[in-house]
>>> print(open('query39.cif').read())   # mmCIF, C-alpha atoms
data_structure
loop_
_atom_site.label_atom_id
_atom_site.label_comp_id
_atom_site.auth_asym_id
_atom_site.auth_seq_id
_atom_site.Cartn_x
_atom_site.Cartn_y
_atom_site.Cartn_z
CA MET A 1 -21.20 -22.96 54.33
CA SER A 2 -22.98 -19.62 54.81
CA LYS A 3 -21.57 -16.49 53.22
CA SER A 4 -20.70 -13.30 55.07
CA VAL A 5 -22.33 -10.08 53.92
CA GLU A 6 -18.99 -8.92 52.46
CA ASP A 7 -18.77 -12.03 50.27
CA ILE A 8 -22.15 -11.51 48.60
CA PRO A 9 -22.06 -9.33 45.46
CA LYS A 10 -24.20 -6.21 45.63
CA LYS A 11 -24.08 -5.30 41.95
CA ILE A 12 -24.12 -7.14 38.65
CA ALA A 13 -22.82 -5.93 35.27
CA TRP A 14 -23.26 -7.49 31.84
CA SER A 15 -22.64 -7.11 28.12
CA GLY A 16 -23.90 -9.16 25.21
CA MET A 17 -23.39 -9.33 21.45
CA THR A 18 -24.21 -11.68 18.58
CA HIS A 19 -22.87 -11.70 15.00
CA ARG A 20 -23.77 -13.86 12.00
CA GLY A 21 -20.09 -14.31 11.10
CA LYS A 22 -18.45 -14.15 7.69
CA ILE A 23 -20.16 -17.07 5.94
CA ARG A 24 -23.68 -17.71 7.24
CA ALA A 25 -26.50 -15.81 5.51
CA ASN A 26 -28.56 -15.58 8.70
CA ASN A 27 -27.95 -15.70 12.44
CA GLU A 28 -29.30 -18.80 14.19
CA ASP A 29 -27.88 -17.69 17.56
CA ALA A 30 -29.97 -15.82 20.11
CA PHE A 31 -29.20 -14.42 23.54
CA LEU A 32 -31.40 -13.25 26.37
CA ALA A 33 -30.81 -10.82 29.23
CA LEU A 34 -33.63 -10.14 31.66
CA THR A 35 -34.42 -9.30 35.25
CA PHE A 36 -37.45 -10.38 37.22
CA ASP A 37 -39.07 -10.11 40.61
CA ALA A 38 -42.34 -11.40 42.05
CA ARG A 39 -44.37 -9.02 39.88
CA GLU A 40 -42.84 -8.73 36.42
CA VAL A 41 -40.13 -9.64 33.94
CA ARG A 42 -38.14 -6.95 32.11
CA TYR A 43 -35.78 -7.28 29.18
CA LEU A 44 -32.35 -5.76 29.70
CA GLY A 45 -30.21 -3.82 27.24
CA LYS A 46 -27.10 -5.31 25.66
CA VAL A 47 -24.89 -3.52 28.21
CA GLY A 48 -25.72 -2.50 31.77
CA GLU A 49 -25.18 -2.58 35.52
CA ALA A 50 -27.74 -2.96 38.30
CA SER A 51 -28.30 -3.81 41.95
CA LEU A 52 -28.89 -7.41 42.98
CA GLU A 53 -30.89 -6.47 46.07
CA ASN A 54 -34.47 -6.53 44.75
CA ALA A 55 -34.45 -8.71 41.63
CA ASP A 56 -32.94 -11.81 40.07
CA PHE A 57 -31.16 -11.80 36.71
CA VAL A 58 -31.21 -14.39 33.94
CA PHE A 59 -28.92 -14.66 30.93
CA ALA A 60 -29.09 -17.30 28.22
CA VAL A 61 -27.49 -18.24 24.91
CA SER A 62 -29.08 -20.53 22.34
CA ASP A 63 -27.82 -21.86 18.99
CA GLY A 64 -30.55 -23.05 16.67
CA MET A 65 -30.39 -25.86 14.14
CA GLY A 66 -32.61 -26.87 11.25
CA GLY A 67 -33.28 -26.14 7.61
CA ALA A 68 -34.16 -22.79 6.06
CA LYS A 69 -35.11 -20.33 8.82
CA SER A 70 -36.11 -22.98 11.40
CA GLY A 71 -32.80 -22.80 13.28
CA GLU A 72 -33.26 -19.09 13.79
CA PHE A 73 -36.85 -19.72 14.92
CA ALA A 74 -35.72 -22.50 17.29
CA SER A 75 -33.20 -20.38 19.19
CA ARG A 76 -35.65 -17.49 19.47
CA THR A 77 -38.37 -19.84 20.75
CA ALA A 78 -35.99 -21.34 23.32
CA THR A 79 -35.11 -17.96 24.81
CA GLU A 80 -38.63 -16.50 24.71
CA LYS A 81 -40.20 -19.43 26.59
CA ILE A 82 -37.98 -18.68 29.60
CA MET A 83 -40.04 -15.62 30.48
CA ARG A 84 -43.16 -17.67 31.23
CA VAL A 85 -41.65 -19.77 34.00
CA LEU A 86 -39.28 -17.63 36.06
CA PRO A 87 -41.40 -14.93 37.79
CA ARG A 88 -43.09 -17.36 40.15
CA SER A 89 -39.62 -18.61 41.14
CA PHE A 90 -38.33 -15.25 42.40
CA GLY A 91 -37.07 -15.23 45.97
CA PHE A 92 -37.16 -18.98 46.51
CA ALA A 93 -33.55 -19.01 47.73
CA ALA A 94 -34.28 -16.40 50.38
CA GLN A 95 -37.18 -18.53 51.54
CA GLY A 96 -34.90 -21.49 52.22
CA MET A 97 -35.96 -23.34 49.06
CA SER A 98 -32.61 -23.32 47.25
CA SER A 99 -32.70 -27.07 46.75
CA GLY A 100 -35.64 -26.55 44.38
CA PHE A 101 -33.70 -24.72 41.69
CA ALA A 102 -32.88 -27.97 39.86
CA ASP A 103 -36.56 -28.87 39.55
CA ILE A 104 -37.46 -25.37 38.32
CA LEU A 105 -34.76 -25.32 35.66
CA THR A 106 -35.40 -28.91 34.59
CA ASP A 107 -39.11 -28.14 34.17
CA LEU A 108 -38.21 -25.06 32.13
CA PHE A 109 -35.94 -27.01 29.78
CA ASN A 110 -38.50 -29.80 29.45
CA HIS A 111 -41.11 -27.20 28.50
CA VAL A 112 -38.90 -25.68 25.80
CA HIS A 113 -37.97 -29.18 24.58
CA GLY A 114 -41.63 -30.16 24.26
CA GLU A 115 -42.54 -26.96 22.44
CA LEU A 116 -39.80 -27.40 19.85
CA ASN A 117 -40.73 -31.02 19.19
CA LYS A 118 -44.41 -30.06 18.92
CA LEU A 119 -43.61 -27.40 16.31
CA ALA A 120 -41.45 -29.86 14.39
CA GLU A 121 -44.29 -32.40 14.31
CA SER A 122 -46.89 -29.79 13.29
CA TYR A 123 -45.07 -27.93 10.51
CA SER A 124 -43.01 -29.53 7.74
CA GLU A 125 -40.72 -26.51 7.53
CA CYS A 126 -39.78 -27.10 11.20
CA GLU A 127 -38.85 -30.76 10.78
CA GLY A 128 -35.63 -31.53 12.63
CA MET A 129 -35.66 -28.15 14.35
CA GLY A 130 -33.71 -27.97 17.59
CA ALA A 131 -31.53 -25.74 19.74
CA THR A 132 -28.81 -25.68 22.34
CA LEU A 133 -29.56 -23.68 25.49
CA THR A 134 -27.25 -22.48 28.25
CA LEU A 135 -28.94 -20.50 31.03
CA ALA A 136 -27.50 -18.67 34.03
CA TRP A 137 -29.79 -17.45 36.84
CA PHE A 138 -28.21 -15.08 39.34
CA THR A 139 -29.55 -14.48 42.85
CA PRO A 140 -27.58 -12.85 45.71
CA GLY A 141 -24.47 -14.98 46.22
CA TRP A 142 -25.38 -17.75 43.78
CA LEU A 143 -25.51 -18.76 40.13
CA TYR A 144 -27.94 -21.51 39.22
CA PHE A 145 -27.45 -22.89 35.73
CA ALA A 146 -28.89 -25.37 33.27
CA HIS A 147 -27.47 -26.51 29.97
CA VAL A 148 -28.08 -28.72 26.92
CA GLY A 149 -25.90 -28.85 23.80
CA ASP A 150 -22.52 -27.33 23.00
CA SER A 151 -23.02 -23.69 23.85
CA ARG A 152 -20.92 -23.03 26.93
CA LEU A 153 -20.81 -21.50 30.40
CA TYR A 154 -17.40 -20.47 31.76
CA TYR A 155 -16.52 -19.37 35.30
CA LEU A 156 -13.65 -16.93 35.87
CA PRO A 157 -13.19 -16.69 39.67
CA ALA A 158 -11.89 -13.46 41.18
CA GLU A 159 -8.59 -15.12 42.18
CA GLY A 160 -7.80 -16.09 38.58
CA GLY A 161 -8.17 -18.89 36.05
CA ILE A 162 -10.98 -20.02 33.77
CA LYS A 163 -13.15 -23.13 34.08
CA GLN A 164 -15.72 -24.55 31.69
CA VAL A 165 -18.74 -25.28 33.90
CA SER A 166 -21.05 -26.69 31.24
CA GLU A 167 -20.36 -30.04 29.60
CA ASP A 168 -20.44 -30.26 25.80
CA ASP A 169 -23.13 -32.80 24.90
CA SER A 170 -21.12 -34.68 22.30
CA HIS A 171 -18.81 -37.68 22.10
CA VAL A 172 -15.92 -35.31 21.43
CA GLY A 173 -16.85 -33.32 24.54
CA TRP A 174 -16.77 -36.54 26.55
CA LEU A 175 -13.33 -37.37 25.15
CA ARG A 176 -12.06 -33.98 26.34
CA ARG A 177 -13.64 -34.24 29.81
CA THR A 178 -12.13 -37.67 30.37
CA GLY A 179 -8.66 -36.56 29.30
CA LYS A 180 -8.49 -38.67 26.14
CA ILE A 181 -7.93 -35.61 23.93
CA ASN A 182 -6.68 -32.07 24.60
CA GLU A 183 -8.17 -28.69 23.67
CA ARG A 184 -6.35 -28.57 20.32
CA GLU A 185 -7.56 -32.06 19.36
CA GLN A 186 -11.09 -31.18 20.40
CA ARG A 187 -11.12 -28.01 18.30
CA THR A 188 -9.94 -29.85 15.16
CA HIS A 189 -11.95 -33.06 15.58
CA PRO A 190 -14.17 -33.74 12.51
CA ARG A 191 -17.16 -34.70 14.69
CA LYS A 192 -16.95 -31.86 17.21
CA HIS A 193 -20.33 -30.46 16.16
CA VAL A 194 -22.23 -33.78 16.30
CA LEU A 195 -24.46 -33.43 19.37
CA SER A 196 -25.71 -36.26 21.56
CA LYS A 197 -28.32 -33.99 23.19
CA ALA A 198 -30.29 -30.92 22.13
CA LEU A 199 -33.66 -29.35 22.83
CA GLY A 200 -36.11 -30.55 20.20
CA ALA A 201 -34.44 -32.11 17.13
CA GLY A 202 -36.48 -35.28 17.70
CA HIS A 203 -34.73 -36.21 20.94
CA GLN A 204 -36.98 -38.03 23.41
CA PHE A 205 -35.72 -36.32 26.57
CA ALA A 206 -34.07 -32.98 27.35
CA ASP A 207 -32.10 -34.21 30.40
CA PRO A 208 -30.31 -30.91 31.13
CA GLN A 209 -27.15 -30.54 33.17
CA VAL A 210 -28.02 -28.41 36.22
CA GLY A 211 -25.84 -27.02 38.98
CA ALA A 212 -24.93 -24.10 41.21
CA VAL A 213 -21.85 -21.93 41.71
CA GLY A 214 -21.24 -19.63 44.68
CA CYS A 215 -20.47 -16.05 43.62
CA GLN A 216 -18.32 -13.37 45.22
CA PRO A 217 -17.28 -9.84 44.17
CA GLY A 218 -14.77 -9.97 41.32
CA ASP A 219 -16.14 -13.17 39.77
CA LYS A 220 -16.92 -13.20 36.05
CA PHE A 221 -18.94 -15.56 33.86
CA LEU A 222 -19.15 -16.12 30.11
CA LEU A 223 -22.01 -17.68 28.18
CA CYS A 224 -21.27 -18.26 24.50
CA SER A 225 -22.16 -20.18 21.37
CA ASP A 226 -19.72 -22.58 19.73
CA GLY A 227 -18.88 -19.94 17.12
CA LEU A 228 -16.96 -17.98 19.75
CA ILE A 229 -14.95 -21.07 20.69
CA ASP A 230 -14.17 -21.69 17.04
CA GLY A 231 -12.26 -18.39 17.00
CA LEU A 232 -10.79 -18.17 20.50
CA TRP A 233 -8.85 -20.59 22.72
CA ASP A 234 -9.71 -20.75 26.42
CA HIS A 235 -6.57 -18.81 27.39
CA ALA A 236 -7.58 -16.04 24.95
CA LEU A 237 -11.06 -15.86 26.51
CA ASP A 238 -9.45 -15.48 29.94
CA GLU A 239 -7.05 -12.78 28.76
CA LEU A 240 -9.62 -10.74 26.84
CA ILE A 241 -12.19 -10.82 29.66
CA ARG A 242 -9.73 -9.99 32.45
CA LYS A 243 -7.28 -7.66 30.69
CA ARG A 244 -9.19 -5.38 28.38
CA ARG A 245 -6.81 -3.00 26.65
CA ARG A 246 -7.30 0.73 27.05
CA ASP A 247 -7.46 1.24 23.29
CA VAL A 248 -10.71 -0.77 23.14
CA ALA A 249 -12.31 0.77 26.22
CA LYS A 250 -15.23 2.00 24.14
CA ARG A 251 -16.15 -1.57 23.21
CA SER A 252 -18.00 -3.79 25.66
CA THR A 253 -16.30 -7.00 26.74
CA ALA A 254 -18.81 -9.07 24.75
CA GLN A 255 -18.22 -6.94 21.66
CA LEU A 256 -14.46 -7.36 22.03
CA LEU A 257 -14.80 -11.14 22.31
CA VAL A 258 -17.19 -11.52 19.37
CA GLU A 259 -15.33 -9.19 17.02
CA THR A 260 -12.00 -10.88 17.82
CA ALA A 261 -13.48 -14.37 17.29
CA VAL A 262 -15.04 -13.36 13.98
CA GLU A 263 -11.72 -11.91 12.84
CA GLU A 264 -9.96 -15.16 13.76
CA SER A 265 -12.58 -17.50 12.29
CA GLY A 266 -16.09 -16.26 11.44
CA ARG A 267 -17.19 -19.62 10.02
CA ASP A 268 -20.22 -19.73 12.32
CA ASN A 269 -22.65 -17.43 14.08
CA THR A 270 -20.90 -16.02 17.14
CA THR A 271 -22.43 -14.92 20.45
CA ALA A 272 -21.08 -13.89 23.85
CA LEU A 273 -22.67 -12.79 27.11
CA VAL A 274 -20.29 -11.63 29.86
CA VAL A 275 -21.59 -11.23 33.43
CA GLU A 276 -19.48 -9.90 36.26
CA PHE A 277 -19.72 -8.74 39.86
CA PRO A 278 -17.82 -5.46 40.33
CA LYS A 279 -15.74 -5.25 43.51
#
>>> encode(input="query39.cif", output="structure tokens")
Amino acid sequence: MSKSVEDIPKKIAWSGMTHRGKIRANNEDAFLALTFDAREVRYLGKVGEASLENADFVFAVSDGMGGAKSGEFASRTATEKIMRVLPRSFGFAAQGMSSGFADILTDLFNHVHGELNKLAESYSECEGMGATLTLAWFTPGWLYFAHVGDSRLYYLPAEGGIKQVSEDDSHVGWLRRTGKINEREQRTHPRKHVLSKALGAGHQFADPQVGAVGCQPGDKFLLCSDGLIDGLWDHALDELIRKRRRDVAKRSTAQLLVETAVEESGRDNTTALVVEFPK
């Protein structure tokens, strides 16, 4: 179904923050915010607002894994490789090529996957190195996404509610999706962090989840690492994103989420990227 001009967001706003938490010595999370057109790619600041008319926007969260500093290196590698692929993809939706987004994002994830495995094979300090990656690509009226691992993408539609769009790549995630356990049981399960898929980490294939979500003014999206979920229930995410209190108006939404999650838990690195379409 085609969208009317009034239904297509004109502006996009975002905020991002990452924190190493209370226990970890280093931060193996990384996040990316960039905009690109047919000519160039530009990094974005942690907080901002811009027009959607002449450029696409990409946001991503990655959680690295591996010994020593290799997890930190893995997540940074995963986000940096994105810049090499996207510029030639600008404007494809406007050209009637929207069905090709899945191929573009799958190729991108396969490229990152191959690079991480190559580094792991070449350098002993990178053995076992891997990363989750959740990516959101915004064009006028649409979000295209790809995902591997247990970082998450949430959709908060303008009319209310919160929905986890990404699927946790773990047996525990499957148990939750199929209704065999609830959110509380998932959060306390001893194997909740055991992944069945990741980029690198010796896995043979990346096999990302890809999809699309139609966007309208008032919609909000959250990309986050599992550290944020460790500190905040889904209903708390919804409340904090939609109902920011006036006494914290000086903090960005991402900062509010991360600082609250770290206060509640802080056992893991914690990252949040909030994207919204102002009415």
>>> atom_distance(input="query39.cif", atom1="atom CA of Asp234 of chain A", atom2="atom CA of Arg184 of chain A")
10.5 Å
>>> resolve_selection(input="query39.cif", expression="the PyMOL selection byres ((chain A and resi 15) around 6)", output="number ranges by chain")
A: 14, 16, 46-47, 254, 273-274
>>> closest_atom_pairs(input="query39.cif", of="segment 111-142 of chain A", to="segment 190-196 of chain A", cutoff="12 Å", atoms="only C-alpha atoms", output="JSON lines")
{"residue": "A:Gly130", "atom": "CA", "partner": "A:Leu195", "partner_atom": "CA", "distance": 10.9}
{"residue": "A:Ala131", "atom": "CA", "partner": "A:Leu195", "partner_atom": "CA", "distance": 10.5}
{"residue": "A:Thr132", "atom": "CA", "partner": "A:Leu195", "partner_atom": "CA", "distance": 9.4}
>>> resolve_selection(input="query39.cif", expression="the PyMOL selection byres ((chain A and resi 108) around 9)", output="MDAnalysis selection string")
chainID A and resid 81:82 84:86 103:107 109:113
>>> write_last_selection(input="query39.cif", atoms="C-alpha atoms", output="PDB file, in the coordinates of the input")
ATOM      1  CA  LYS A  81     -40.200 -19.430  26.590  1.00  0.00           C
ATOM      2  CA  ILE A  82     -37.980 -18.680  29.600  1.00  0.00           C
ATOM      3  CA  ARG A  84     -43.160 -17.670  31.230  1.00  0.00           C
ATOM      4  CA  VAL A  85     -41.650 -19.770  34.000  1.00  0.00           C
ATOM      5  CA  LEU A  86     -39.280 -17.630  36.060  1.00  0.00           C
ATOM      6  CA  ASP A 103     -36.560 -28.870  39.550  1.00  0.00           C
ATOM      7  CA  ILE A 104     -37.460 -25.370  38.320  1.00  0.00           C
ATOM      8  CA  LEU A 105     -34.760 -25.320  35.660  1.00  0.00           C
ATOM      9  CA  THR A 106     -35.400 -28.910  34.590  1.00  0.00           C
ATOM     10  CA  ASP A 107     -39.110 -28.140  34.170  1.00  0.00           C
ATOM     11  CA  PHE A 109     -35.940 -27.010  29.780  1.00  0.00           C
ATOM     12  CA  ASN A 110     -38.500 -29.800  29.450  1.00  0.00           C
ATOM     13  CA  HIS A 111     -41.110 -27.200  28.500  1.00  0.00           C
ATOM     14  CA  VAL A 112     -38.900 -25.680  25.800  1.00  0.00           C
ATOM     15  CA  HIS A 113     -37.970 -29.180  24.580  1.00  0.00           C
TER      16      HIS A 113
END
>>> closest_residue(input="query39.cif", among="A:Glu72, A:Glu159, A:Glu53, A:Glu167", to="Phe145 of chain A", atoms="only C-alpha atoms")
A:Glu167
>>> closest_residue(input="query39.cif", among="A:Glu259, A:Asp150, A:Glu264, A:Asp230", to="Thr188 of chain A", atoms="only C-alpha atoms")
A:Asp230
>>> closest_residue(input="query39.cif", among="A:Asp63, A:Ala136, A:Leu199, A:Glu125", to="Thr35 of chain A", atoms="only C-alpha atoms")
A:Ala136
>>> residues_near_point(input="query39.cif", point="(-9.4, -13.9, 27.2)", cutoff="12 Å", atoms="only C-alpha atoms", output="VMD selection string")
chain A and resid 154 156 160 to 162 220 to 222 228 to 229 231 to 245 253 to 254 256 to 258 260 to 261 274
>>> write_last_selection(input="query39.cif", atoms="C-alpha atoms", output="mmCIF file, in the coordinates of the input")
data_model
loop_
_atom_site.group_PDB
_atom_site.id
_atom_site.type_symbol
_atom_site.label_atom_id
_atom_site.label_comp_id
_atom_site.auth_asym_id
_atom_site.auth_seq_id
_atom_site.Cartn_x
_atom_site.Cartn_y
_atom_site.Cartn_z
ATOM 1 C CA TYR A 154 -17.400 -20.470 31.760
ATOM 2 C CA LEU A 156 -13.650 -16.930 35.870
ATOM 3 C CA GLY A 160 -7.800 -16.090 38.580
ATOM 4 C CA GLY A 161 -8.170 -18.890 36.050
ATOM 5 C CA ILE A 162 -10.980 -20.020 33.770
ATOM 6 C CA LYS A 220 -16.920 -13.200 36.050
ATOM 7 C CA PHE A 221 -18.940 -15.560 33.860
ATOM 8 C CA LEU A 222 -19.150 -16.120 30.110
ATOM 9 C CA LEU A 228 -16.960 -17.980 19.750
ATOM 10 C CA ILE A 229 -14.950 -21.070 20.690
ATOM 11 C CA GLY A 231 -12.260 -18.390 17.000
ATOM 12 C CA LEU A 232 -10.790 -18.170 20.500
ATOM 13 C CA TRP A 233 -8.850 -20.590 22.720
ATOM 14 C CA ASP A 234 -9.710 -20.750 26.420
ATOM 15 C CA HIS A 235 -6.570 -18.810 27.390
ATOM 16 C CA ALA A 236 -7.580 -16.040 24.950
ATOM 17 C CA LEU A 237 -11.060 -15.860 26.510
ATOM 18 C CA ASP A 238 -9.450 -15.480 29.940
ATOM 19 C CA GLU A 239 -7.050 -12.780 28.760
ATOM 20 C CA LEU A 240 -9.620 -10.740 26.840
ATOM 21 C CA ILE A 241 -12.190 -10.820 29.660
ATOM 22 C CA ARG A 242 -9.730 -9.990 32.450
ATOM 23 C CA LYS A 243 -7.280 -7.660 30.690
ATOM 24 C CA ARG A 244 -9.190 -5.380 28.380
ATOM 25 C CA ARG A 245 -6.810 -3.000 26.650
ATOM 26 C CA THR A 253 -16.300 -7.000 26.740
ATOM 27 C CA ALA A 254 -18.810 -9.070 24.750
ATOM 28 C CA LEU A 256 -14.460 -7.360 22.030
ATOM 29 C CA LEU A 257 -14.800 -11.140 22.310
ATOM 30 C CA VAL A 258 -17.190 -11.520 19.370
ATOM 31 C CA THR A 260 -12.000 -10.880 17.820
ATOM 32 C CA ALA A 261 -13.480 -14.370 17.290
ATOM 33 C CA VAL A 274 -20.290 -11.630 29.860
#
>>> atom_distance(input="query39.cif", atom1="atom CA of Gly227 of chain A", atom2="atom CA of Arg267 of chain A")
7.3 Å
